[in-house]
Structure formats: C-alpha cells, structure tokens
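Enquirer: So here's start-v9.pdb (PDB, C-alpha atoms).
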```
MODEL        1
ATOM      1  CA  MET A1160      86.983 108.435  99.045
ATOM      2  CA  THR A1161      84.225 105.822  98.894
ATOM      3  CA  TYR A1162      84.484 102.190  97.928
ATOM      4  CA  ILE A1163      82.527  98.971  98.187
ATOM      5  CA  ALA A1164      83.909  96.930 101.079
ATOM      6  CA  HIS A1165      83.739  93.608  99.262
ATOM      7  CA  ASP A1166      84.689  94.672  95.790
ATOM      8  CA  ALA A1167      86.750  91.850  94.287
ATOM      9  CA  ARG A1168      89.308  94.331  92.996
ATOM     10  CA  LEU A1169      89.910  95.631  96.516
ATOM     11  CA  VAL A1170      89.576  92.425  98.539
ATOM     12  CA  PRO A1171      90.134  89.495  96.160
ATOM     13  CA  GLU A1172      90.406  86.885  98.926
ATOM     14  CA  ALA A1173      86.841  87.661 100.018
ATOM     15  CA  PHE A1174      85.497  85.953  96.902
ATOM     16  CA  GLU A1175      87.993  83.118  96.603
ATOM     17  CA  SER A1176      86.215  81.003  99.221
ATOM     18  CA  ASN A1177      83.169  80.759  96.942
ATOM     19  CA  ARG A1178      85.102  79.012  94.220
ATOM     20  CA  SER A1179      84.922  75.260  94.178
ATOM     21  CA  GLN A1180      88.064  73.787  95.623
ATOM     22  CA  LYS A1181      89.206  70.434  94.322
ATOM     23  CA  ALA A1182      90.632  67.917  96.738
ATOM     24  CA  PRO A1183      94.337  67.353  96.194
ATOM     25  CA  LYS A1184      95.155  64.193  94.270
ATOM     26  CA  GLN A1185      96.483  61.327  96.322
ATOM     27  CA  GLY A1186      99.739  59.785  95.271
ATOM     28  CA  PHE A1187     100.178  56.157  94.325
ATOM     29  CA  TRP A1188     101.774  55.139  97.642
ATOM     30  CA  ASN A1189      99.080  56.909  99.692
ATOM     31  CA  LYS A1190      96.359  55.092  97.757
ATOM     32  CA  LEU A1191      98.161  51.781  98.178
ATOM     33  CA  MET A1192      98.622  52.256 101.918
ATOM     34  CA  LYS A1193      95.002  53.345 102.341
ATOM     35  CA  SER A1194      93.788  50.241 100.504
ATOM     36  CA  PHE A1195      95.938  47.987 102.746
ATOM     37  CA  VAL A1196      94.583  49.635 105.894
ATOM     38  CA  GLU A1197      90.985  49.349 104.681
ATOM     39  CA  ALA A1198      91.474  45.682 103.750
ATOM     40  CA  ARG A1199      92.884  44.910 107.206
ATOM     41  CA  GLN A1200      89.968  46.750 108.824
ATOM     42  CA  ARG A1201      87.416  44.755 106.820
ATOM     43  CA  ALA A1202      89.187  41.490 107.678
ATOM     44  CA  ALA A1203      89.179  42.362 111.388
ATOM     45  CA  GLU A1204      85.474  43.233 111.265
ATOM     46  CA  ARG A1205      84.682  39.916 109.538
ATOM     47  CA  GLU A1206      86.700  37.996 112.128
ATOM     48  CA  ILE A1207      84.919  39.761 115.003
ATOM     49  CA  ALA A1208      81.507  39.111 113.438
ATOM     50  CA  ARG A1209      82.399  35.432 112.997
ATOM     51  CA  TYR A1210      83.591  35.171 116.606
ATOM     52  CA  ILE A1211      80.400  36.777 117.924
ATOM     53  CA  ALA A1212      78.251  34.444 115.805
ATOM     54  CA  LEU A1213      80.134  31.389 117.088
ATOM     55  CA  ASN A1214      79.608  32.487 120.692
ATOM     56  CA  GLY A1215      75.856  32.973 120.759
ATOM     57  CA  GLY A1216      75.367  36.000 118.523
ATOM     58  CA  ALA A1217      75.032  38.520 121.342
ATOM     59  CA  LEU A1218      77.770  40.963 122.240
ATOM     60  CA  THR A1219      78.114  40.720 126.006
ATOM     61  CA  ASP A1220      80.630  42.470 128.251
ATOM     62  CA  SER A1221      82.667  39.318 128.727
ATOM     63  CA  LEU A1222      82.667  38.619 124.977
ATOM     64  CA  GLU A1223      83.751  42.185 124.292
ATOM     65  CA  ARG A1224      86.642  41.824 126.762
ATOM     66  CA  GLU A1225      87.663  38.551 125.135
ATOM     67  CA  ILE A1226      87.630  40.147 121.673
ATOM     68  CA  SER A1227      89.756  43.029 122.944
ATOM     69  CA  ARG A1228      92.201  40.597 124.530
ATOM     70  CA  ARG A1229      92.469  38.414 121.407
ATOM     71  CA  PHE A1230      92.873  41.265 118.944
ATOM     72  CA  GLU A1231      95.324  43.134 121.124
ATOM     73  CA  MET A1232      97.677  40.162 120.842
ATOM     74  CA  GLN A1233      97.253  40.035 117.030
ATOM     75  CA  ARG A1234      97.780  43.756 116.494
ATOM     76  CA  PHE A1235     101.477  43.479 115.619
TER      77      PHE A1235
ENDMDL
END
```
Now that the file is in, can you turn its structure into structure tokens?
Expert:
Amino acid sequence: MTYIAHDARLVPEAFESNRSQKAPKQGFWNKLMKSFVEARQRAAEREIARYIALNGGALTDSLEREISRRFEMQRF
C-alpha cells in the first residue's frame, strides 16, 4: 500500500499549523487590569525621568541606587 506522507486526509494536523491562528480575545477585566498596570508603569517612568532631570540629567550609579531606594518604598 502506498500513500503520500503528508496527505491532509491521512495527517490532518500536519496542515493545521499553516492556518492563521487568531489571538484569543481578552476579557473586560483583563483589559482593565492591563490598562491600570500600563498607566502605573508610564507614571513611574515619568517620575524617574523627572528625578533624573532635577539631579543633573545624567544617570550615575549613586542616582540609580537612590531611585531604586525611593521606588522600593513606594511599591506598595
């Protein structure tokens, strides 16, 4: 008996990977939580940029340690 190894009738999963797969839809609560997290991230980045600008505009080791110390306290 002869057959084609990748015939879709014999091995259907071999051709399924070529189909376009849509990303699953996110639920309302997942979208809301993601938007809160992104907003907090942007706010933290703005605050860090402002702090660096107020302290000379260059990110030094001591300034980086100070930023880590300050934001570690504000994490919760």
Enquirer: Quick check, in Å to one decimal: how far apart do CA of Leu1191 in chain A and CA of Ala1208 in chain A lie?
Expert: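 Value for the CA of Leu1191 in chain A-CA of Ala1208 in chain A distance: 25.9 Å.
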Enquirer: Could you jot down the CA of Arg1201 in chain A to CA of Ala1182 in chain A separation for me, Å, one decimal place?
Expert: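 Going from CA of Arg1201 in chain A over to CA of Ala1182 in chain A covers 25.5 Å.
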Enquirer: To one decimal in Å, tell me the separation between CA of Ile1207 in chain A and CA of Ile1226 in chain A.
Expert: 7.2 Å
Enquirer: Which polymer residues, whether protein, DNA or RNA, lie within 12 Å of the coordinate (92.1, 38.7, 117.6) when you count all atoms listed in the file? List them as a list of chain:residue names, using the chain letters and numbers from the file.
Expert: A:Ala1202, A:Ala1203, A:Glu1204, A:Arg1205, A:Glu1206, A:Ile1207, A:Ala1208, A:Arg1209, A:Tyr1210, A:Ile1211, A:Leu1222, A:Glu1223, A:Arg1224, A:Glu1225, A:Ile1226, A:Ser1227, A:Arg1228, A:Arg1229, A:Phe1230, A:Glu1231, A:Met1232, A:Gln1233, A:Arg1234, A:Phe1235
